[in-house]
Amino acid sequence: MKLATILLLTAVLLTACGNSPARTRNAVSHSTSTAAPSEPKRYTYRIRASYPHSTKAYTQGLLWHDGRLWEGTGQNGESVIQTLDLASGNSHVLTRLPRSEFGEGIAIAGDELFQLTWQSNTAHVYRLTEKGLEKIRDHRYAGEGWGLTSDPEGRKLYMTDGSANLYTVDPATFRREGRVTVTWKGEAVPYLNELEWIDGRIWANVYTTDQLVIIDPASGRVEGVVDLTGLLPDTERTPTTDVLNGIAWDPDTKRLFVTGKNWSKLFEIEIIELK
């Protein structure tokens, strides 16, 4: 996407947030095809806790599973899947990609973990074992791989490729079974990146922005915008600090975690609706 389009999208989403230097979120409402779309809800945030995060981790995928945070990272020669210890920030690397591959989003469906690659057109699939991960197969796909998540039952995967498209994918074959265009008030929202399934909705990072969008997976309509501007303090930023990316949801304790590429902190946040 051209830089001008990215800047326009950022401005549009910030306008949705009232141009506030703080935040936004979404609604869990359903609209019919005959009704006019309701105004997307706006949310701000409150930091509940912060944890150390490796500034060497170029976060591409983040999820909560089996009482732990799992992270997939990118960059050629540095792409790994690892688990994180919240308190210390220490990581335990479970597998590494070849230097030729750039890791992207990750998702768990059943007892399998899926890992996208950016431009290698390959999804790697691992079986979850007591010892970690066991590589079991690969799938090929067209185009780029960006974000990935699954529904709670692991019946379907949802994938993005950097466009405004959200694809429904069969975990067994990795075939695309459906596609919706993600829209905000009728306008397509490109650069959908890291994904997370939360209470029947898909939350997505919008690459290069500080906004999350909350999407109805059936219609693609954005029901809310979360503005996380200012989340990482300027004092924590260095020349290698990159953009916001990474959303993880613990459904048992209702905890929401976010971080960014090469960020020094991982945050647990509370989302607050703006009236």
# chains A, B, ... in the order shown; residues from 1 in each chain; ligands from 1

call {"tool": "closest_atom_pairs", "arguments": {"of": "range 47-88 of chain A", "to": "range 119-127 of chain A", "cutoff": "12 Å", "atoms": "only C-alpha atoms", "output": "CSV"}}
result
residue,atom,partner,partner_atom,distance
A:Gly72,CA,A:His124,CA,11.9
A:Gly74,CA,A:Gln119,CA,11.6
A:Gln75,CA,A:Gln119,CA,11.5
A:Asn76,CA,A:Gln119,CA,11.0
A:Val80,CA,A:His124,CA,11.8
A:Ile81,CA,A:Tyr126,CA,10.6

call {"tool": "write_last_selection", "arguments": {"atoms": "C-alpha atoms", "output": "mmCIF file, in the first residue's frame"}}
result
data_model
loop_
_atom_site.group_PDB
_atom_site.id
_atom_site.type_symbol
_atom_site.label_atom_id
_atom_site.label_comp_id
_atom_site.auth_asym_id
_atom_site.auth_seq_id
_atom_site.Cartn_x
_atom_site.Cartn_y
_atom_site.Cartn_z
ATOM 1 C CA GLY A 72 6.150 -15.869 16.482
ATOM 2 C CA GLY A 74 10.026 -12.250 11.895
ATOM 3 C CA GLN A 75 13.139 -11.113 10.035
ATOM 4 C CA ASN A 76 15.304 -13.397 7.905
ATOM 5 C CA VAL A 80 11.326 -18.253 15.675
ATOM 6 C CA ILE A 81 8.375 -19.595 17.618
#

call {"tool": "residues_around", "arguments": {"residues": "Tyr191 in chain A", "least_positions_apart": "6", "cutoff": "7 Å", "atoms": "only C-alpha atoms", "output": "MDAnalysis selection string"}}
result
chainID A and resid 162:164 206:207

call {"tool": "write_last_selection", "arguments": {"atoms": "all heavy atoms", "output": "PDB file, in the first residue's frame"}}
result
ATOM      1  N   GLY A 162      -2.124  -8.696   3.978  1.00  0.00           N
ATOM      2  CA  GLY A 162      -1.686  -7.319   3.813  1.00  0.00           C
ATOM      3  C   GLY A 162      -2.694  -6.446   3.097  1.00  0.00           C
ATOM      4  O   GLY A 162      -2.541  -5.228   3.066  1.00  0.00           O
ATOM      5  N   SER A 163      -3.720  -7.053   2.542  1.00  0.00           N
ATOM      6  CA  SER A 163      -4.779  -6.303   1.879  1.00  0.00           C
ATOM      7  C   SER A 163      -5.911  -6.059   2.882  1.00  0.00           C
ATOM      8  O   SER A 163      -5.731  -6.192   4.090  1.00  0.00           O
ATOM      9  CB  SER A 163      -5.307  -7.101   0.680  1.00  0.00           C
ATOM     10  OG  SER A 163      -6.010  -8.257   1.128  1.00  0.00           O
ATOM     11  N   ALA A 164      -7.089  -5.718   2.377  1.00  0.00           N
ATOM     12  CA  ALA A 164      -8.273  -5.575   3.224  1.00  0.00           C
ATOM     13  C   ALA A 164      -9.061  -6.883   3.308  1.00  0.00           C
ATOM     14  O   ALA A 164     -10.145  -6.910   3.891  1.00  0.00           O
ATOM     15  CB  ALA A 164      -9.176  -4.469   2.678  1.00  0.00           C
ATOM     16  N   VAL A 206      -3.615  -2.795  12.545  1.00  0.00           N
ATOM     17  CA  VAL A 206      -3.508  -2.166  11.228  1.00  0.00           C
ATOM     18  C   VAL A 206      -2.066  -1.686  11.100  1.00  0.00           C
ATOM     19  O   VAL A 206      -1.639  -0.763  11.798  1.00  0.00           O
ATOM     20  CB  VAL A 206      -4.497  -0.996  11.067  1.00  0.00           C
ATOM     21  CG1 VAL A 206      -4.357  -0.374   9.675  1.00  0.00           C
ATOM     22  CG2 VAL A 206      -5.931  -1.486  11.288  1.00  0.00           C
ATOM     23  N   TYR A 207      -1.321  -2.337  10.241  1.00  0.00           N
ATOM     24  CA  TYR A 207       0.128  -2.132  10.145  1.00  0.00           C
ATOM     25  C   TYR A 207       0.484  -0.659   9.930  1.00  0.00           C
ATOM     26  O   TYR A 207      -0.157   0.042   9.136  1.00  0.00           O
ATOM     27  CB  TYR A 207       0.680  -2.982   9.005  1.00  0.00           C
ATOM     28  CG  TYR A 207       2.178  -2.921   8.841  1.00  0.00           C
ATOM     29  CD1 TYR A 207       3.025  -3.182   9.908  1.00  0.00           C
ATOM     30  CD2 TYR A 207       2.748  -2.600   7.605  1.00  0.00           C
ATOM     31  CE1 TYR A 207       4.407  -3.125   9.752  1.00  0.00           C
ATOM     32  CE2 TYR A 207       4.112  -2.556   7.436  1.00  0.00           C
ATOM     33  CZ  TYR A 207       4.943  -2.817   8.522  1.00  0.00           C
ATOM     34  OH  TYR A 207       6.307  -2.751   8.363  1.00  0.00           O
TER      35      TYR A 207
END

call {"tool": "closest_atom_pairs", "arguments": {"of": "range 133-183 of chain A", "to": "range 210-220 of chain A", "cutoff": "7 Å", "atoms": "only C-alpha atoms", "output": "JSON lines"}}
result
{"residue": "A:Val180", "atom": "CA", "partner": "A:Gly220", "partner_atom": "CA", "distance": 5.5}
{"residue": "A:Thr181", "atom": "CA", "partner": "A:Gly220", "partner_atom": "CA", "distance": 5.6}
{"residue": "A:Val182", "atom": "CA", "partner": "A:Gly220", "partner_atom": "CA", "distance": 4.2}
{"residue": "A:Thr183", "atom": "CA", "partner": "A:Gly220", "partner_atom": "CA", "distance": 6.1}

call {"tool": "select_by_dssp", "arguments": {"residues": "range 1-211 of chain A", "states": "helix (DSSP H, G or I)", "output": "number ranges by chain"}}
result
A: 3-16

call {"tool": "write_last_selection", "arguments": {"atoms": "C-alpha atoms", "output": "short mmCIF file (atom, residue, chain, number, x, y, z; two decimals), in the first residue's frame"}}
result
data_model
loop_
_atom_site.label_atom_id
_atom_site.label_comp_id
_atom_site.auth_asym_id
_atom_site.auth_seq_id
_atom_site.Cartn_x
_atom_site.Cartn_y
_atom_site.Cartn_z
CA LEU A 3 2.45 5.66 1.98
CA ALA A 4 -0.24 8.25 1.23
CA THR A 5 -2.92 5.59 1.62
CA ILE A 6 -1.43 4.49 4.95
CA LEU A 7 -1.41 8.07 6.21
CA LEU A 8 -4.97 8.60 5.05
CA LEU A 9 -6.11 5.43 6.80
CA THR A 10 -4.37 6.49 10.00
CA ALA A 11 -6.04 9.88 9.86
CA VAL A 12 -9.44 8.31 9.25
CA LEU A 13 -9.08 5.92 12.16
CA LEU A 14 -7.81 8.67 14.45
CA THR A 15 -10.81 10.76 13.47
CA ALA A 16 -12.97 7.84 14.52
#

call {"tool": "residues_around", "arguments": {"residues": "Ile108 in chain A", "least_positions_apart": "6", "cutoff": "10 Å", "atoms": "only C-alpha atoms", "output": "list in words"}}
result
Leu63, Trp64, His65, Trp70, Phe114, Gln115, Val125, Tyr126, Arg127, Leu128, Leu148, Thr149, Ser150, Asp151, Pro152, Glu153, Gly154, Leu157 and Pro171 of chain A

call {"tool": "closest_residue", "arguments": {"among": "A:Asp242, A:Ser79, A:Asp138, A:Pro40", "to": "Leu274 in chain A", "atoms": "only C-alpha atoms"}}
result
A:Pro40

call {"tool": "residues_around", "arguments": {"residues": "Ser54 in chain A", "least_positions_apart": "4", "cutoff": "7 Å", "atoms": "only C-alpha atoms", "output": "PDB file with all heavy atoms, in the first residue's frame"}}
result
ATOM      1  N   GLY A  89      10.249 -11.993  31.276  1.00  0.00           N
ATOM      2  CA  GLY A  89      10.444 -11.669  29.868  1.00  0.00           C
ATOM      3  C   GLY A  89      11.309 -12.670  29.139  1.00  0.00           C
ATOM      4  O   GLY A  89      11.555 -12.533  27.938  1.00  0.00           O
ATOM      5  N   ASN A 262      10.058  -5.367  18.433  1.00  0.00           N
ATOM      6  CA  ASN A 262      11.255  -4.899  19.143  1.00  0.00           C
ATOM      7  C   ASN A 262      10.925  -3.970  20.315  1.00  0.00           C
ATOM      8  O   ASN A 262      11.763  -3.168  20.723  1.00  0.00           O
ATOM      9  CB  ASN A 262      12.231  -4.191  18.182  1.00  0.00           C
ATOM     10  CG  ASN A 262      12.665  -5.042  17.016  1.00  0.00           C
ATOM     11  OD1 ASN A 262      12.622  -4.624  15.864  1.00  0.00           O
ATOM     12  ND2 ASN A 262      13.081  -6.268  17.305  1.00  0.00           N
ATOM     13  N   TRP A 263       9.734  -4.110  20.873  1.00  0.00           N
ATOM     14  CA  TRP A 263       9.359  -3.303  22.033  1.00  0.00           C
ATOM     15  C   TRP A 263      10.027  -3.850  23.284  1.00  0.00           C
ATOM     16  O   TRP A 263      10.221  -5.053  23.436  1.00  0.00           O
ATOM     17  CB  TRP A 263       7.848  -3.304  22.218  1.00  0.00           C
ATOM     18  CG  TRP A 263       7.129  -2.342  21.323  1.00  0.00           C
ATOM     19  CD1 TRP A 263       7.556  -1.880  20.113  1.00  0.00           C
ATOM     20  CD2 TRP A 263       5.856  -1.746  21.566  1.00  0.00           C
ATOM     21  NE1 TRP A 263       6.621  -1.026  19.580  1.00  0.00           N
ATOM     22  CE2 TRP A 263       5.558  -0.930  20.447  1.00  0.00           C
ATOM     23  CE3 TRP A 263       4.929  -1.832  22.592  1.00  0.00           C
ATOM     24  CZ2 TRP A 263       4.382  -0.192  20.356  1.00  0.00           C
ATOM     25  CZ3 TRP A 263       3.751  -1.101  22.502  1.00  0.00           C
ATOM     26  CH2 TRP A 263       3.489  -0.285  21.395  1.00  0.00           C
ATOM     27  N   SER A 264      10.297  -2.963  24.209  1.00  0.00           N
ATOM     28  CA  SER A 264      10.898  -3.344  25.489  1.00  0.00           C
ATOM     29  C   SER A 264       9.861  -3.784  26.513  1.00  0.00           C
ATOM     30  O   SER A 264      10.213  -4.304  27.569  1.00  0.00           O
ATOM     31  CB  SER A 264      11.685  -2.161  26.073  1.00  0.00           C
ATOM     32  OG  SER A 264      10.815  -1.058  26.273  1.00  0.00           O
TER      33      SER A 264
END

call {"tool": "decode", "arguments": {"residues": "range 114-127 of chain A", "atoms": "all heavy atoms", "output": "PDB file, in the first residue's frame"}}
result
ATOM      1  N   PHE A 114       0.047 -23.384  13.641  1.00  0.00           N
ATOM      2  CA  PHE A 114       0.282 -22.956  12.266  1.00  0.00           C
ATOM      3  C   PHE A 114       1.117 -21.680  12.280  1.00  0.00           C
ATOM      4  O   PHE A 114       0.888 -20.780  13.078  1.00  0.00           O
ATOM      5  CB  PHE A 114      -1.044 -22.688  11.553  1.00  0.00           C
ATOM      6  CG  PHE A 114      -1.898 -23.900  11.362  1.00  0.00           C
ATOM      7  CD1 PHE A 114      -2.617 -24.428  12.422  1.00  0.00           C
ATOM      8  CD2 PHE A 114      -1.995 -24.522  10.123  1.00  0.00           C
ATOM      9  CE1 PHE A 114      -3.425 -25.549  12.265  1.00  0.00           C
ATOM     10  CE2 PHE A 114      -2.802 -25.648   9.946  1.00  0.00           C
ATOM     11  CZ  PHE A 114      -3.505 -26.166  11.023  1.00  0.00           C
ATOM     12  N   GLN A 115       2.073 -21.621  11.365  1.00  0.00           N
ATOM     13  CA  GLN A 115       2.952 -20.462  11.246  1.00  0.00           C
ATOM     14  C   GLN A 115       3.024 -20.025   9.787  1.00  0.00           C
ATOM     15  O   GLN A 115       3.397 -20.810   8.913  1.00  0.00           O
ATOM     16  CB  GLN A 115       4.354 -20.808  11.750  1.00  0.00           C
ATOM     17  CG  GLN A 115       5.383 -19.696  11.623  1.00  0.00           C
ATOM     18  CD  GLN A 115       6.795 -20.174  11.949  1.00  0.00           C
ATOM     19  OE1 GLN A 115       7.120 -21.338  11.757  1.00  0.00           O
ATOM     20  NE2 GLN A 115       7.634 -19.271  12.446  1.00  0.00           N
ATOM     21  N   LEU A 116       2.676 -18.773   9.522  1.00  0.00           N
ATOM     22  CA  LEU A 116       2.773 -18.229   8.181  1.00  0.00           C
ATOM     23  C   LEU A 116       4.185 -17.734   7.901  1.00  0.00           C
ATOM     24  O   LEU A 116       4.961 -17.468   8.814  1.00  0.00           O
ATOM     25  CB  LEU A 116       1.804 -17.054   8.006  1.00  0.00           C
ATOM     26  CG  LEU A 116       0.309 -17.325   8.139  1.00  0.00           C
ATOM     27  CD1 LEU A 116      -0.476 -16.037   7.958  1.00  0.00           C
ATOM     28  CD2 LEU A 116      -0.149 -18.377   7.140  1.00  0.00           C
ATOM     29  N   THR A 117       4.495 -17.601   6.626  1.00  0.00           N
ATOM     30  CA  THR A 117       5.712 -16.916   6.187  1.00  0.00           C
ATOM     31  C   THR A 117       5.297 -15.776   5.276  1.00  0.00           C
ATOM     32  O   THR A 117       4.251 -15.820   4.622  1.00  0.00           O
ATOM     33  CB  THR A 117       6.665 -17.862   5.451  1.00  0.00           C
ATOM     34  OG1 THR A 117       5.963 -18.518   4.366  1.00  0.00           O
ATOM     35  CG2 THR A 117       7.217 -18.911   6.398  1.00  0.00           C
ATOM     36  N   TRP A 118       6.120 -14.745   5.246  1.00  0.00           N
ATOM     37  CA  TRP A 118       5.754 -13.523   4.537  1.00  0.00           C
ATOM     38  C   TRP A 118       5.659 -13.737   3.023  1.00  0.00           C
ATOM     39  O   TRP A 118       4.589 -13.605   2.433  1.00  0.00           O
ATOM     40  CB  TRP A 118       6.765 -12.428   4.875  1.00  0.00           C
ATOM     41  CG  TRP A 118       6.516 -11.117   4.193  1.00  0.00           C
ATOM     42  CD1 TRP A 118       5.306 -10.607   3.798  1.00  0.00           C
ATOM     43  CD2 TRP A 118       7.504 -10.152   3.823  1.00  0.00           C
ATOM     44  NE1 TRP A 118       5.471  -9.382   3.217  1.00  0.00           N
ATOM     45  CE2 TRP A 118       6.811  -9.067   3.219  1.00  0.00           C
ATOM     46  CE3 TRP A 118       8.882 -10.081   3.964  1.00  0.00           C
ATOM     47  CZ2 TRP A 118       7.478  -7.943   2.746  1.00  0.00           C
ATOM     48  CZ3 TRP A 118       9.544  -8.951   3.511  1.00  0.00           C
ATOM     49  CH2 TRP A 118       8.840  -7.902   2.906  1.00  0.00           C
ATOM     50  N   GLN A 119       6.773 -14.081   2.381  1.00  0.00           N
ATOM     51  CA  GLN A 119       6.791 -14.183   0.920  1.00  0.00           C
ATOM     52  C   GLN A 119       7.256 -15.546   0.416  1.00  0.00           C
ATOM     53  O   GLN A 119       7.533 -15.697  -0.768  1.00  0.00           O
ATOM     54  CB  GLN A 119       7.688 -13.080   0.340  1.00  0.00           C
ATOM     55  CG  GLN A 119       7.137 -11.681   0.589  1.00  0.00           C
ATOM     56  CD  GLN A 119       8.032 -10.594   0.023  1.00  0.00           C
ATOM     57  OE1 GLN A 119       9.258 -10.686   0.077  1.00  0.00           O
ATOM     58  NE2 GLN A 119       7.427  -9.549  -0.538  1.00  0.00           N
ATOM     59  N   SER A 120       7.307 -16.531   1.318  1.00  0.00           N
ATOM     60  CA  SER A 120       7.712 -17.887   0.915  1.00  0.00           C
ATOM     61  C   SER A 120       6.529 -18.761   0.537  1.00  0.00           C
ATOM     62  O   SER A 120       6.722 -19.928   0.171  1.00  0.00           O
ATOM     63  CB  SER A 120       8.507 -18.552   2.046  1.00  0.00           C
ATOM     64  OG  SER A 120       9.686 -17.822   2.324  1.00  0.00           O
ATOM     65  N   ASN A 121       5.316 -18.211   0.646  1.00  0.00           N
ATOM     66  CA  ASN A 121       4.086 -18.926   0.245  1.00  0.00           C
ATOM     67  C   ASN A 121       3.921 -20.251   0.970  1.00  0.00           C
ATOM     68  O   ASN A 121       3.350 -21.197   0.423  1.00  0.00           O
ATOM     69  CB  ASN A 121       4.074 -19.176  -1.270  1.00  0.00           C
ATOM     70  CG  ASN A 121       4.428 -17.940  -2.067  1.00  0.00           C
ATOM     71  OD1 ASN A 121       5.490 -17.877  -2.668  1.00  0.00           O
ATOM     72  ND2 ASN A 121       3.555 -16.965  -2.065  1.00  0.00           N
ATOM     73  N   THR A 122       4.392 -20.326   2.211  1.00  0.00           N
ATOM     74  CA  THR A 122       4.373 -21.583   2.947  1.00  0.00           C
ATOM     75  C   THR A 122       3.852 -21.381   4.358  1.00  0.00           C
ATOM     76  O   THR A 122       4.278 -20.456   5.063  1.00  0.00           O
ATOM     77  CB  THR A 122       5.787 -22.199   3.031  1.00  0.00           C
ATOM     78  OG1 THR A 122       6.300 -22.385   1.713  1.00  0.00           O
ATOM     79  CG2 THR A 122       5.764 -23.526   3.756  1.00  0.00           C
ATOM     80  N   ALA A 123       2.939 -22.270   4.756  1.00  0.00           N
ATOM     81  CA  ALA A 123       2.499 -22.348   6.146  1.00  0.00           C
ATOM     82  C   ALA A 123       3.087 -23.608   6.754  1.00  0.00           C
ATOM     83  O   ALA A 123       2.903 -24.704   6.225  1.00  0.00           O
ATOM     84  CB  ALA A 123       0.979 -22.384   6.229  1.00  0.00           C
ATOM     85  N   HIS A 124       3.806 -23.452   7.840  1.00  0.00           N
ATOM     86  CA  HIS A 124       4.370 -24.590   8.547  1.00  0.00           C
ATOM     87  C   HIS A 124       3.392 -25.034   9.635  1.00  0.00           C
ATOM     88  O   HIS A 124       2.794 -24.199  10.325  1.00  0.00           O
ATOM     89  CB  HIS A 124       5.711 -24.224   9.180  1.00  0.00           C
ATOM     90  CG  HIS A 124       6.739 -23.771   8.191  1.00  0.00           C
ATOM     91  ND1 HIS A 124       7.270 -24.612   7.238  1.00  0.00           N
ATOM     92  CD2 HIS A 124       7.326 -22.561   7.991  1.00  0.00           C
ATOM     93  CE1 HIS A 124       8.152 -23.957   6.510  1.00  0.00           C
ATOM     94  NE2 HIS A 124       8.199 -22.703   6.940  1.00  0.00           N
ATOM     95  N   VAL A 125       3.261 -26.344   9.800  1.00  0.00           N
ATOM     96  CA  VAL A 125       2.330 -26.893  10.788  1.00  0.00           C
ATOM     97  C   VAL A 125       3.096 -27.803  11.736  1.00  0.00           C
ATOM     98  O   VAL A 125       3.860 -28.673  11.302  1.00  0.00           O
ATOM     99  CB  VAL A 125       1.184 -27.680  10.114  1.00  0.00           C
ATOM    100  CG1 VAL A 125       0.127 -28.062  11.152  1.00  0.00           C
ATOM    101  CG2 VAL A 125       0.551 -26.868   8.984  1.00  0.00           C
ATOM    102  N   TYR A 126       2.882 -27.575  13.041  1.00  0.00           N
ATOM    103  CA  TYR A 126       3.570 -28.330  14.079  1.00  0.00           C
ATOM    104  C   TYR A 126       2.531 -28.966  15.005  1.00  0.00           C
ATOM    105  O   TYR A 126       1.491 -28.368  15.301  1.00  0.00           O
ATOM    106  CB  TYR A 126       4.460 -27.413  14.918  1.00  0.00           C
ATOM    107  CG  TYR A 126       5.379 -26.520  14.128  1.00  0.00           C
ATOM    108  CD1 TYR A 126       4.930 -25.284  13.649  1.00  0.00           C
ATOM    109  CD2 TYR A 126       6.695 -26.887  13.857  1.00  0.00           C
ATOM    110  CE1 TYR A 126       5.772 -24.451  12.932  1.00  0.00           C
ATOM    111  CE2 TYR A 126       7.542 -26.058  13.141  1.00  0.00           C
ATOM    112  CZ  TYR A 126       7.076 -24.841  12.676  1.00  0.00           C
ATOM    113  OH  TYR A 126       7.910 -24.008  11.964  1.00  0.00           O
ATOM    114  N   ARG A 127       2.835 -30.151  15.489  1.00  0.00           N
ATOM    115  CA  ARG A 127       2.004 -30.765  16.525  1.00  0.00           C
ATOM    116  C   ARG A 127       2.508 -30.319  17.883  1.00  0.00           C
ATOM    117  O   ARG A 127       3.716 -30.298  18.142  1.00  0.00           O
ATOM    118  CB  ARG A 127       2.039 -32.294  16.427  1.00  0.00           C
ATOM    119  CG  ARG A 127       1.181 -32.985  17.488  1.00  0.00           C
ATOM    120  CD  ARG A 127       1.153 -34.483  17.310  1.00  0.00           C
ATOM    121  NE  ARG A 127       0.432 -34.865  16.106  1.00  0.00           N
ATOM    122  CZ  ARG A 127       0.986 -35.407  15.028  1.00  0.00           C
ATOM    123  NH1 ARG A 127       2.298 -35.637  15.008  1.00  0.00           N
ATOM    124  NH2 ARG A 127       0.259 -35.718  13.973  1.00  0.00           N
TER     125      ARG A 127
END
